[in-house]
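**Student:** See protein_30.tsv below, with TSV, N, CA, C and O atoms.
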```tsv
chain	number	residue	atom	x	y	z
A	1	MET	N	23.35	53.00	21.81
A	1	MET	CA	23.38	54.11	22.75
A	1	MET	C	22.50	53.76	23.95
A	1	MET	O	21.49	53.08	23.81
A	2	ARG	N	22.94	54.24	25.07
A	2	ARG	CA	22.21	54.03	26.31
A	2	ARG	C	22.19	55.35	27.06
A	2	ARG	O	23.19	56.05	27.10
A	3	GLU	N	21.05	55.69	27.62
A	3	GLU	CA	20.96	56.91	28.42
A	3	GLU	C	20.73	56.55	29.87
A	3	GLU	O	20.02	55.59	30.18
A	4	ARG	N	21.33	57.35	30.74
A	4	ARG	CA	21.11	57.17	32.17
A	4	ARG	C	20.94	58.53	32.81
A	4	ARG	O	21.35	59.56	32.26
A	5	THR	N	20.31	58.55	33.95
A	5	THR	CA	20.09	59.79	34.68
A	5	THR	C	20.99	59.80	35.90
A	5	THR	O	21.06	58.83	36.65
A	6	GLU	N	21.67	60.92	36.09
A	6	GLU	CA	22.57	61.07	37.23
A	6	GLU	C	22.18	62.33	37.98
A	6	GLU	O	21.93	63.37	37.39
A	7	THR	N	22.14	62.22	39.30
A	7	THR	CA	21.76	63.37	40.13
A	7	THR	C	23.01	64.00	40.73
A	7	THR	O	23.84	63.32	41.33
A	8	ASP	N	23.13	65.32	40.56
A	8	ASP	CA	24.24	66.07	41.13
A	8	ASP	C	24.03	66.14	42.64
A	8	ASP	O	23.02	66.67	43.10
A	9	PRO	N	24.99	65.64	43.45
A	9	PRO	CA	24.79	65.63	44.90
A	9	PRO	C	24.74	67.02	45.54
A	9	PRO	O	24.13	67.19	46.58
A	10	GLU	N	25.34	68.00	44.90
A	10	GLU	CA	25.36	69.34	45.47
A	10	GLU	C	24.09	70.13	45.15
A	10	GLU	O	23.55	70.83	46.00
A	11	THR	N	23.62	70.04	43.91
A	11	THR	CA	22.46	70.84	43.49
A	11	THR	C	21.17	70.04	43.47
A	11	THR	O	20.09	70.63	43.50
A	12	GLY	N	21.26	68.73	43.42
A	12	GLY	CA	20.06	67.90	43.34
A	12	GLY	C	19.46	67.85	41.95
A	12	GLY	O	18.42	67.23	41.75
A	13	GLU	N	20.11	68.49	40.98
A	13	GLU	CA	19.59	68.50	39.62
A	13	GLU	C	19.92	67.18	38.92
A	13	GLU	O	20.98	66.60	39.13
A	14	GLU	N	18.97	66.74	38.10
A	14	GLU	CA	19.18	65.52	37.34
A	14	GLU	C	19.75	65.85	35.96
A	14	GLU	O	19.34	66.81	35.33
A	15	GLU	N	20.69	65.05	35.54
A	15	GLU	CA	21.31	65.24	34.23
A	15	GLU	C	21.23	63.92	33.48
A	15	GLU	O	21.50	62.86	34.02
A	16	ARG	N	20.84	63.99	32.21
A	16	ARG	CA	20.79	62.80	31.37
A	16	ARG	C	22.11	62.65	30.65
A	16	ARG	O	22.60	63.58	30.02
A	17	ILE	N	22.68	61.46	30.77
A	17	ILE	CA	23.98	61.19	30.18
A	17	ILE	C	23.82	60.06	29.16
A	17	ILE	O	23.25	59.02	29.47
A	18	ALA	N	24.32	60.30	27.94
A	18	ALA	CA	24.28	59.28	26.90
A	18	ALA	C	25.60	58.53	26.88
A	18	ALA	O	26.67	59.14	26.93
A	19	GLU	N	25.52	57.22	26.84
A	19	GLU	CA	26.71	56.37	26.79
A	19	GLU	C	26.65	55.53	25.53
A	19	GLU	O	25.60	55.02	25.17
A	20	LYS	N	27.77	55.39	24.89
A	20	LYS	CA	27.86	54.53	23.72
A	20	LYS	C	28.53	53.23	24.14
A	20	LYS	O	29.67	53.24	24.60
A	21	TRP	N	27.82	52.13	24.03
A	21	TRP	CA	28.34	50.82	24.40
A	21	TRP	C	28.66	50.06	23.14
A	21	TRP	O	27.89	50.03	22.19
A	22	MET	N	29.81	49.37	23.14
A	22	MET	CA	30.19	48.54	22.01
A	22	MET	C	30.48	47.14	22.55
A	22	MET	O	31.13	46.99	23.58
A	23	VAL	N	29.99	46.13	21.85
A	23	VAL	CA	30.19	44.75	22.25
A	23	VAL	C	31.11	44.09	21.23
A	23	VAL	O	30.87	44.16	20.03
A	24	TYR	N	32.17	43.46	21.73
A	24	TYR	CA	33.13	42.77	20.87
A	24	TYR	C	33.10	41.28	21.19
A	24	TYR	O	32.96	40.89	22.34
A	25	THR	N	33.25	40.48	20.19
A	25	THR	CA	33.35	39.04	20.37
A	25	THR	C	34.76	38.62	19.97
A	25	THR	O	35.22	38.92	18.88
A	26	ILE	N	35.42	37.93	20.90
A	26	ILE	CA	36.79	37.49	20.66
A	26	ILE	C	36.80	35.97	20.72
A	26	ILE	O	36.26	35.37	21.64
A	27	SER	N	37.41	35.37	19.72
A	27	SER	CA	37.55	33.91	19.76
A	27	SER	C	39.02	33.57	19.63
A	27	SER	O	39.76	34.21	18.89
A	28	TYR	N	39.41	32.57	20.38
A	28	TYR	CA	40.81	32.14	20.39
A	28	TYR	C	40.94	30.94	19.47
A	28	TYR	O	40.27	29.93	19.63
A	29	ASN	N	41.81	31.05	18.48
A	29	ASN	CA	41.99	29.99	17.49
A	29	ASN	C	43.15	29.06	17.80
A	29	ASN	O	43.42	28.15	17.03
A	30	GLY	N	43.86	29.27	18.89
A	30	GLY	CA	44.94	28.38	19.29
A	30	GLY	C	46.31	28.85	18.83
A	30	GLY	O	46.45	29.72	17.98
A	31	GLU	N	47.32	28.22	19.44
A	31	GLU	CA	48.70	28.58	19.13
A	31	GLU	C	49.06	28.33	17.67
A	31	GLU	O	49.78	29.09	17.06
A	32	GLN	N	48.54	27.23	17.13
A	32	GLN	CA	48.88	26.87	15.75
A	32	GLN	C	48.42	27.95	14.77
A	32	GLN	O	49.12	28.28	13.82
A	33	TYR	N	47.23	28.51	15.01
A	33	TYR	CA	46.71	29.57	14.14
A	33	TYR	C	47.65	30.78	14.17
A	33	TYR	O	48.00	31.32	13.13
A	34	PHE	N	48.06	31.19	15.36
A	34	PHE	CA	48.95	32.34	15.48
A	34	PHE	C	50.30	32.06	14.83
A	34	PHE	O	50.85	32.92	14.15
A	35	ALA	N	50.83	30.88	15.06
A	35	ALA	CA	52.13	30.53	14.48
A	35	ALA	C	52.07	30.54	12.95
A	35	ALA	O	52.99	31.04	12.29
A	36	ASP	N	50.97	30.03	12.40
A	36	ASP	CA	50.87	29.92	10.94
A	36	ASP	C	50.35	31.20	10.27
A	36	ASP	O	50.92	31.66	9.29
A	37	GLN	N	49.28	31.77	10.78
A	37	GLN	CA	48.59	32.86	10.10
A	37	GLN	C	49.02	34.26	10.53
A	37	GLN	O	48.98	35.18	9.73
A	38	VAL	N	49.42	34.42	11.78
A	38	VAL	CA	49.77	35.75	12.26
A	38	VAL	C	51.28	35.99	12.14
A	38	VAL	O	51.72	36.98	11.57
A	39	PHE	N	52.07	35.04	12.68
A	39	PHE	CA	53.52	35.23	12.71
A	39	PHE	C	54.24	34.57	11.54
A	39	PHE	O	55.41	34.86	11.31
A	40	HIS	N	53.56	33.68	10.83
A	40	HIS	CA	54.14	32.99	9.66
A	40	HIS	C	55.48	32.33	10.02
A	40	HIS	O	56.48	32.53	9.33
A	41	LEU	N	55.47	31.55	11.10
A	41	LEU	CA	56.69	30.89	11.56
A	41	LEU	C	57.01	29.68	10.70
A	41	LEU	O	56.13	28.98	10.23
A	42	THR	N	58.30	29.43	10.54
A	42	THR	CA	58.76	28.22	9.87
A	42	THR	C	58.69	27.08	10.89
A	42	THR	O	58.53	27.30	12.10
A	43	GLU	N	58.84	25.84	10.42
A	43	GLU	CA	58.82	24.69	11.33
A	43	GLU	C	59.97	24.78	12.34
A	43	GLU	O	59.81	24.43	13.50
A	44	GLU	N	61.11	25.28	11.88
A	44	GLU	CA	62.26	25.44	12.79
A	44	GLU	C	61.95	26.46	13.88
A	44	GLU	O	62.27	26.25	15.05
A	45	GLN	N	61.31	27.56	13.51
A	45	GLN	CA	60.96	28.57	14.49
A	45	GLN	C	59.92	28.06	15.48
A	45	GLN	O	59.96	28.37	16.67
A	46	LYS	N	58.97	27.26	14.99
A	46	LYS	CA	57.96	26.67	15.87
A	46	LYS	C	58.60	25.74	16.90
A	46	LYS	O	58.25	25.76	18.08
A	47	ALA	N	59.58	24.93	16.45
A	47	ALA	CA	60.28	24.02	17.36
A	47	ALA	C	61.06	24.81	18.40
A	47	ALA	O	61.07	24.46	19.59
A	48	LEU	N	61.72	25.88	17.97
A	48	LEU	CA	62.47	26.72	18.89
A	48	LEU	C	61.55	27.36	19.92
A	48	LEU	O	61.86	27.40	21.12
A	49	ALA	N	60.40	27.85	19.48
A	49	ALA	CA	59.43	28.47	20.40
A	49	ALA	C	58.92	27.45	21.41
A	49	ALA	O	58.75	27.76	22.59
A	50	GLU	N	58.68	26.22	20.96
A	50	GLU	CA	58.21	25.18	21.87
A	50	GLU	C	59.28	24.85	22.91
A	50	GLU	O	58.97	24.70	24.10
A	51	ASP	N	60.54	24.76	22.49
A	51	ASP	CA	61.64	24.51	23.42
A	51	ASP	C	61.77	25.66	24.42
A	51	ASP	O	61.97	25.43	25.62
A	52	TYR	N	61.64	26.89	23.93
A	52	TYR	CA	61.75	28.05	24.81
A	52	TYR	C	60.64	28.03	25.86
A	52	TYR	O	60.88	28.27	27.04
A	53	ALA	N	59.41	27.73	25.43
A	53	ALA	CA	58.29	27.68	26.36
A	53	ALA	C	58.51	26.59	27.41
A	53	ALA	O	58.21	26.78	28.59
A	54	GLY	N	59.03	25.44	26.98
A	54	GLY	CA	59.31	24.36	27.92
A	54	GLY	C	60.36	24.76	28.94
A	54	GLY	O	60.24	24.46	30.13
A	55	ASN	N	61.41	25.44	28.49
A	55	ASN	CA	62.46	25.90	29.40
A	55	ASN	C	61.93	26.94	30.38
A	55	ASN	O	62.26	26.90	31.57
A	56	MET	N	61.11	27.85	29.90
A	56	MET	CA	60.53	28.86	30.79
A	56	MET	C	59.67	28.20	31.85
A	56	MET	O	59.70	28.58	33.02
A	57	SER	N	58.90	27.21	31.45
A	57	SER	CA	58.05	26.49	32.40
A	57	SER	C	58.91	25.77	33.44
A	57	SER	O	58.61	25.79	34.63
A	58	LEU	N	59.99	25.17	32.99
A	58	LEU	CA	60.89	24.46	33.90
A	58	LEU	C	61.54	25.41	34.90
A	58	LEU	O	61.53	25.18	36.10
A	59	PHE	N	62.07	26.53	34.40
A	59	PHE	CA	62.81	27.44	35.27
A	59	PHE	C	61.89	28.28	36.16
A	59	PHE	O	62.26	28.62	37.26
A	60	LEU	N	60.71	28.60	35.67
A	60	LEU	CA	59.79	29.40	36.49
A	60	LEU	C	58.95	28.52	37.42
A	60	LEU	O	58.31	29.01	38.34
A	61	GLY	N	58.91	27.22	37.13
A	61	GLY	CA	58.27	26.29	38.03
A	61	GLY	C	56.77	26.27	38.03
A	61	GLY	O	56.16	25.84	38.99
A	62	ASP	N	56.12	26.72	36.93
A	62	ASP	CA	54.66	26.69	36.93
A	62	ASP	C	54.13	25.30	36.59
A	62	ASP	O	52.99	24.98	36.88
A	63	GLY	N	54.95	24.46	35.96
A	63	GLY	CA	54.58	23.08	35.67
A	63	GLY	C	53.48	22.88	34.67
A	63	GLY	O	52.89	21.81	34.60
A	64	LEU	N	53.15	23.89	33.88
A	64	LEU	CA	52.05	23.77	32.92
A	64	LEU	C	52.44	22.99	31.68
A	64	LEU	O	51.60	22.40	31.04
A	65	LEU	N	53.70	23.02	31.30
A	65	LEU	CA	54.12	22.31	30.09
A	65	LEU	C	54.75	20.98	30.42
A	65	LEU	O	55.45	20.81	31.33
```
When written as structure tokens, how does the structure in this file appear?

**Tutor:**
Amino acid sequence: MRERTETDPETGEEERIAEKWMVYTISYNGEQYFADQVFHLTEEQKALAEDYAGNMSLFLGDGLL
């Protein structure tokens, strides 16, 4: 919890406001983790996804793949 003081511009009165802050840690485990652990893709599906990504890169012209 964090408290801050805010002044009302019309009345000049100070008001204490409590804020609840939450900190999250996110780590990226890579495409292979998602393919295996999240989506449970077969090898055939992984190959199809890789081909699709390559085609999208080719047609959209971002050149990343």

**Student:** Figure out the distance between CA of Phe34 (chain A) and CA of Leu58 (chain A), please, to one decimal in Å.

**Tutor:** 23.3 Å

**Student:** Mind pulling up the distance from CA of Asn55 (chain A) to CA of Ala35 (chain A)?

**Tutor:**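 The value is 18.7 Å.
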
**Student:** For the helix (DSSP H, G or I) assignment from backbone DSSP, which residues of chain A qualify? Please present them as an MDAnalysis selection string.

**Tutor:** chainID A and resid 31:38 43:60

**Student:** From the list A:Thr11, A:Glu50, A:Ile17, A:Arg2, which residue is nearest Glu31 (chain A) when using only C-alpha atoms?

**Tutor:** A:Glu50

**Student:** Mind giving me the straight-line distance from CA of Tyr33 (chain A) to atom C of Ala49 (chain A) in Å, one decimal?

**Tutor:**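 Atom-to-atom, CA of Tyr33 (chain A) to atom C of Ala49 (chain A), that is 14.4 Å.
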
**Student:** Run DSSP on the backbone and grab whatever in chain A lands in strand (DSSP E); send it over as a list in words.

**Tutor:**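 For chain A, the strand (DSSP E) set is Arg2, Glu3, Arg4, Thr5, Glu6, Thr7, Glu14, Glu15, Arg16, Ile17, Ala18 and Glu19 of chain A.
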
**Student:** Can you write out the residues you just picked, keeping N, CA, C and O atoms, as a PDB file, keeping the file's coordinate frame?

**Tutor:**
```pdb
ATOM      1  N   ARG A   2      22.940  54.240  25.070  1.00  0.00           N
ATOM      2  CA  ARG A   2      22.210  54.030  26.310  1.00  0.00           C
ATOM      3  C   ARG A   2      22.190  55.350  27.060  1.00  0.00           C
ATOM      4  O   ARG A   2      23.190  56.050  27.100  1.00  0.00           O
ATOM      5  N   GLU A   3      21.050  55.690  27.620  1.00  0.00           N
ATOM      6  CA  GLU A   3      20.960  56.910  28.420  1.00  0.00           C
ATOM      7  C   GLU A   3      20.730  56.550  29.870  1.00  0.00           C
ATOM      8  O   GLU A   3      20.020  55.590  30.180  1.00  0.00           O
ATOM      9  N   ARG A   4      21.330  57.350  30.740  1.00  0.00           N
ATOM     10  CA  ARG A   4      21.110  57.170  32.170  1.00  0.00           C
ATOM     11  C   ARG A   4      20.940  58.530  32.810  1.00  0.00           C
ATOM     12  O   ARG A   4      21.350  59.560  32.260  1.00  0.00           O
ATOM     13  N   THR A   5      20.310  58.550  33.950  1.00  0.00           N
ATOM     14  CA  THR A   5      20.090  59.790  34.680  1.00  0.00           C
ATOM     15  C   THR A   5      20.990  59.800  35.900  1.00  0.00           C
ATOM     16  O   THR A   5      21.060  58.830  36.650  1.00  0.00           O
ATOM     17  N   GLU A   6      21.670  60.920  36.090  1.00  0.00           N
ATOM     18  CA  GLU A   6      22.570  61.070  37.230  1.00  0.00           C
ATOM     19  C   GLU A   6      22.180  62.330  37.980  1.00  0.00           C
ATOM     20  O   GLU A   6      21.930  63.370  37.390  1.00  0.00           O
ATOM     21  N   THR A   7      22.140  62.220  39.300  1.00  0.00           N
ATOM     22  CA  THR A   7      21.760  63.370  40.130  1.00  0.00           C
ATOM     23  C   THR A   7      23.010  64.000  40.730  1.00  0.00           C
ATOM     24  O   THR A   7      23.840  63.320  41.330  1.00  0.00           O
ATOM     25  N   GLU A  14      18.970  66.740  38.100  1.00  0.00           N
ATOM     26  CA  GLU A  14      19.180  65.520  37.340  1.00  0.00           C
ATOM     27  C   GLU A  14      19.750  65.850  35.960  1.00  0.00           C
ATOM     28  O   GLU A  14      19.340  66.810  35.330  1.00  0.00           O
ATOM     29  N   GLU A  15      20.690  65.050  35.540  1.00  0.00           N
ATOM     30  CA  GLU A  15      21.310  65.240  34.230  1.00  0.00           C
ATOM     31  C   GLU A  15      21.230  63.920  33.480  1.00  0.00           C
ATOM     32  O   GLU A  15      21.500  62.860  34.020  1.00  0.00           O
ATOM     33  N   ARG A  16      20.840  63.990  32.210  1.00  0.00           N
ATOM     34  CA  ARG A  16      20.790  62.800  31.370  1.00  0.00           C
ATOM     35  C   ARG A  16      22.110  62.650  30.650  1.00  0.00           C
ATOM     36  O   ARG A  16      22.600  63.580  30.020  1.00  0.00           O
ATOM     37  N   ILE A  17      22.680  61.460  30.770  1.00  0.00           N
ATOM     38  CA  ILE A  17      23.980  61.190  30.180  1.00  0.00           C
ATOM     39  C   ILE A  17      23.820  60.060  29.160  1.00  0.00           C
ATOM     40  O   ILE A  17      23.250  59.020  29.470  1.00  0.00           O
ATOM     41  N   ALA A  18      24.320  60.300  27.940  1.00  0.00           N
ATOM     42  CA  ALA A  18      24.280  59.280  26.900  1.00  0.00           C
ATOM     43  C   ALA A  18      25.600  58.530  26.880  1.00  0.00           C
ATOM     44  O   ALA A  18      26.670  59.140  26.930  1.00  0.00           O
ATOM     45  N   GLU A  19      25.520  57.220  26.840  1.00  0.00           N
ATOM     46  CA  GLU A  19      26.710  56.370  26.790  1.00  0.00           C
ATOM     47  C   GLU A  19      26.650  55.530  25.530  1.00  0.00           C
ATOM     48  O   GLU A  19      25.600  55.020  25.170  1.00  0.00           O
TER      49      GLU A  19
END
```

**Student:** With only C-alpha atoms as the atoms that count, which of A:Gln32, A:Glu15, A:Glu6, A:Tyr24 lies nearest to Ala47 (chain A)?

**Tutor:**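 Under the stated criterion, the closest residue is A:Gln32.
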